[in-house]
Amino acid sequence: MNKLSELFLNINDGENIILERDTVYDVRPEDSFQLKGYFCSNTAKRDENPDGTRYTAIYLDNKRNITIDGNGATVMVHGKMTPLLFYGCENITVKNLVIDYAVPTMTEFTVLANDDGIITIKINDDCLYRVDGNRLFWHGEKNENGEYYWENECNAPKRYFKVFDPKTEFSRDFRREDLTFSDIDELGNNILRCTLSDRTVFVNEGEIFQTRNIIRDQVGSMFERCKNLTFEKLRVMFMHGLGMVNQFSENVSFINCDFTPKEGRTIASTADFFQFSGCKGKILIENCKARGAQDDYVNVHGTHLRIIDVSKGEKSMLVRFMHPESWGFQAFSVGDGIEFIRWDTLQSYNSAMVTSYEKVNDTDIKVFCDFIPDNIIIGKDVIENVTYTPDLTVRSCDFGPTCGRGILATTRGEVIIENNRFRKLWGPALLIEDDCNFWFESGLTKSITFCNNEVISCNIGKTWEGAPVIQVTPKIMDERFKGFVHEKLNVTGNRFISAPYGKHTFCLEYLKDAEIRNNFFDGEFVINKKNTDNVIVENNIIG
């Protein structure tokens with residue numbers, strides 16, 4: 001086992017671990033904790049990680065009152081890993097730690113020249129590749145058996161491209177099928193001259209191609225069924241698969257953390273940075289920096305499970321994870337409150353308490369309750385665990401260019417988003433959804449305050465009609481429905497600058513109340529509404 005992981009083999013409650021100052025701890029899948037049964041929301045499909053395998057450098061299982069002081073040390077990942085994994089822990093602090101990848105699983109290259117479809121590219125020095133005729137392959141380092149940890153052809157089916165312009169800091173989509181070559185010449189120093197099969201493909205000199213394999217078989221780190229976790233002064237330079245995944249945990253704080261790419265890179269995560277699935281208590285993200293994601297920065301949600309069968313006699317239901325990237329994990333505890341949600345209107349129509357549960361298979365759970373209503377639409381309606389719905393505070397953070405959205409918030413707890421900067425995001429700065437037919441991410445919101453933030457050139461990808469910077473769009477399937485899903489949104493004291501399509505647009509749907517006060521817009525301000533009647537707009541300045 002590697003030097004770092006050995007420190008955590010026999011750790012006891014109450015211990016403080018101080019790593020060697022500024023030391024680089026090299027960790028590999030084969031010499032770290034090799035775990036099974038850790039299934040993670042929003043990640044791999046069943047055929048991509050069927051037994052929940054995690055390769056982990058720092059592993060804590062049911063530990064209490066532990067501080068890990070990185071002391072400026074670096075966890076250097078080789079291969080693909082989930083560097084930190086905590087399960088069932090309480091009162092854990094991790095601080096002053098750096099996490100990086102020796103060879104990131106996202107490859108970057110810069111276009112040096114385009115001569116009528118013959119492109120010269122410079123591959124980042126920390127990315128590995130090989131050329132086979134007219135085919136280009138990306139790969140990781142070799143393991144102890146002399147085999148690559150991972151390898152993908154440049155335009156393989158599960159690779160995804162974005163193209164980043166370092167001058168404008170905007171990104172654009174690129175079809176992987178267009179990066180096919182009729183000839184490749186190696187010029188040395190990671191420079192290739194490639195003849196595009198279709199020499200009319202749009203490729204600009206100076207652009208940076210970012211490419212990733214979309215399989216989320218490992219994640220940035222994973223924390224499940226924990227309580228009182230604090231992360232201070234983390235420096236995370238790259239995360240594979242998904243970011244920091246917090247699952248059914250209570251009270252989690254990220255303070256003074258830096259999630260930006262290492263110098264020379266433009267990407268720090270293949271997907272979300274902060275993922276909170278089915279958490280409760282208080283979530284705090286304060287004074288953090290994040291830049292270079294190919295998905296969202298913050299995503300807080302629960303999971304709708306579909307009701308497949310009901311036994312009134314034994315007061316039980318068979319419920320199912322529906323999205324192929326969320327399955328296998330423990331979604332309930334005895335005593336949890338649940339609500340029954342109508343599939344087409346997202347309306348709660350009854351509630352119950354979980355008395356027991358049992359896992360049937362990877363996707364199905366048998367849930368026993370103190371009450372089963374009569375009017376369930378079996379095979380359509382869903383349940384939501386309403387005990388695990390946290391408060392969220394995101395304060396004084398700097399969210400730089402990304403290929404995703406800023407903050408996705410679908411929680412019944414109080415949400416406060418204040419004093420942040422959102423700059424050049426692919427999607428809106430704030431997205432509030434809720435659905436039980438697509439991603440199955442729950443649920444309704446009661447109070448969201450978005451105040452004193454600066455929003456600059458957001459929704460550059462025009463991800464929704466009108467490219468809104470604030471978007472409230474629960475997925476209602478019944479077009480006749482005239483009610484509300486979300487309760488109140490307060491947008492006050494913000495500065496909205498440089499709308500990429502000429503208008504600062506809010507899209508508000510199925511929202512009961514909205515107050516938009518004392519904001520500054522440097523251009524035209526538009527509200528697109530649907531089933532949102534009580535909107536107060538006061539004292540805004542249109543510059």
# chains A, B, ... in the order shown; residues from 1 in each chain; ligands from 1
$ closest_atom_pairs --of "range 206-269 of chain A" --to "range 327-338 of chain A" --cutoff "12 Å" --atoms "only C-alpha atoms" --output "CSV"
residue,atom,partner,partner_atom,distance
A:Glu224,CA,A:Phe329,CA,9.4
A:Arg225,CA,A:Gln330,CA,9.1
A:Gln247,CA,A:Phe329,CA,9.0
A:Phe248,CA,A:Ala331,CA,7.7
A:Ser249,CA,A:Ala331,CA,11.3
$ residues_around --residues "Phe137 in chain A" --least-positions-apart "2" --cutoff "10 Å" --atoms "only C-alpha atoms" --output "list of chain:residue names"
A:Leu128, A:Tyr129, A:Arg130, A:Val131, A:Asp132, A:Arg135, A:His139, A:Glu151, A:Asn152, A:Glu153, A:Cys154, A:Asn155, A:Ala156
$ write_last_selection --atoms "C-alpha atoms" --output "PDB file, in the first residue's frame"
ATOM      1  CA  LEU A 128      -0.236  11.136 -23.109  1.00  0.00           C
ATOM      2  CA  TYR A 129      -1.048   9.907 -26.602  1.00  0.00           C
ATOM      3  CA  ARG A 130      -0.008   7.517 -29.350  1.00  0.00           C
ATOM      4  CA  VAL A 131      -0.462   7.581 -33.101  1.00  0.00           C
ATOM      5  CA  ASP A 132      -1.413   4.516 -35.123  1.00  0.00           C
ATOM      6  CA  ARG A 135      -5.646   7.356 -35.764  1.00  0.00           C
ATOM      7  CA  HIS A 139      -4.105   7.095 -22.744  1.00  0.00           C
ATOM      8  CA  GLU A 151      -7.064   4.395 -23.333  1.00  0.00           C
ATOM      9  CA  ASN A 152      -9.562   5.893 -25.802  1.00  0.00           C
ATOM     10  CA  GLU A 153      -9.389   6.751 -29.443  1.00  0.00           C
ATOM     11  CA  CYS A 154      -9.589  10.507 -29.972  1.00  0.00           C
ATOM     12  CA  ASN A 155     -13.086  10.423 -31.466  1.00  0.00           C
ATOM     13  CA  ALA A 156     -14.401   7.267 -29.788  1.00  0.00           C
TER      14      ALA A 156
END
$ closest_atom_pairs --of "range 342-455 of chain A" --to "range 486-492 of chain A" --cutoff "6 Å" --atoms "only C-alpha atoms" --output "JSON lines"
{"residue": "A:Leu444", "atom": "CA", "partner": "A:His486", "partner_atom": "CA", "distance": 5.4}
{"residue": "A:Thr445", "atom": "CA", "partner": "A:His486", "partner_atom": "CA", "distance": 5.0}
{"residue": "A:Lys446", "atom": "CA", "partner": "A:Glu487", "partner_atom": "CA", "distance": 4.7}
{"residue": "A:Ser447", "atom": "CA", "partner": "A:Lys488", "partner_atom": "CA", "distance": 5.0}
{"residue": "A:Ile448", "atom": "CA", "partner": "A:Leu489", "partner_atom": "CA", "distance": 4.9}
{"residue": "A:Thr449", "atom": "CA", "partner": "A:Asn490", "partner_atom": "CA", "distance": 4.7}
{"residue": "A:Phe450", "atom": "CA", "partner": "A:Val491", "partner_atom": "CA", "distance": 4.8}
{"residue": "A:Cys451", "atom": "CA", "partner": "A:Thr492", "partner_atom": "CA", "distance": 4.8}
$ write_last_selection --atoms "N, CA, C and O atoms" --output "mmCIF file, in the first residue's frame"
data_model
loop_
_atom_site.group_PDB
_atom_site.id
_atom_site.type_symbol
_atom_site.label_atom_id
_atom_site.label_comp_id
_atom_site.auth_asym_id
_atom_site.auth_seq_id
_atom_site.Cartn_x
_atom_site.Cartn_y
_atom_site.Cartn_z
ATOM 1 N N LEU A 444 -39.352 20.379 -4.960
ATOM 2 C CA LEU A 444 -39.839 21.743 -4.912
ATOM 3 C C LEU A 444 -38.931 22.625 -4.048
ATOM 4 O O LEU A 444 -38.149 22.130 -3.234
ATOM 5 N N THR A 445 -39.021 23.928 -4.260
ATOM 6 C CA THR A 445 -38.285 24.872 -3.421
ATOM 7 C C THR A 445 -39.282 25.792 -2.725
ATOM 8 O O THR A 445 -40.361 26.065 -3.242
ATOM 9 N N LYS A 446 -38.887 26.291 -1.540
ATOM 10 C CA LYS A 446 -39.757 27.166 -0.761
ATOM 11 C C LYS A 446 -39.253 28.603 -0.687
ATOM 12 O O LYS A 446 -40.038 29.540 -0.740
ATOM 13 N N SER A 447 -37.930 28.766 -0.560
ATOM 14 C CA SER A 447 -37.401 30.113 -0.422
ATOM 15 C C SER A 447 -35.985 30.164 -0.976
ATOM 16 O O SER A 447 -35.086 29.521 -0.429
ATOM 17 N N ILE A 448 -35.803 30.920 -2.059
ATOM 18 C CA ILE A 448 -34.476 31.105 -2.638
ATOM 19 C C ILE A 448 -34.198 32.600 -2.732
ATOM 20 O O ILE A 448 -34.970 33.357 -3.322
ATOM 21 N N THR A 449 -33.090 33.017 -2.138
ATOM 22 C CA THR A 449 -32.655 34.406 -2.188
ATOM 23 C C THR A 449 -31.360 34.491 -2.978
ATOM 24 O O THR A 449 -30.374 33.827 -2.647
ATOM 25 N N PHE A 450 -31.380 35.309 -4.019
ATOM 26 C CA PHE A 450 -30.222 35.525 -4.887
ATOM 27 C C PHE A 450 -29.898 37.008 -4.797
ATOM 28 O O PHE A 450 -30.586 37.847 -5.395
ATOM 29 N N CYS A 451 -28.867 37.363 -4.009
ATOM 30 C CA CYS A 451 -28.674 38.776 -3.713
ATOM 31 C C CYS A 451 -27.202 39.188 -3.758
ATOM 32 O O CYS A 451 -26.308 38.411 -3.409
#
$ residues_around --residues "range 214-216 of chain A" --least-positions-apart "5" --cutoff "8 Å" --atoms "only C-alpha atoms" --output "list of chain:residue names"
A:Thr43, A:Ala44, A:Glu48, A:Lys158, A:Arg159, A:Tyr160, A:His240, A:Gly241, A:Leu242, A:Thr270
$ closest_residue --among "A:Thr67, A:Asn385, A:Thr345, A:Ser356" --to "Leu97 in chain A" --atoms "only C-alpha atoms"
A:Thr67
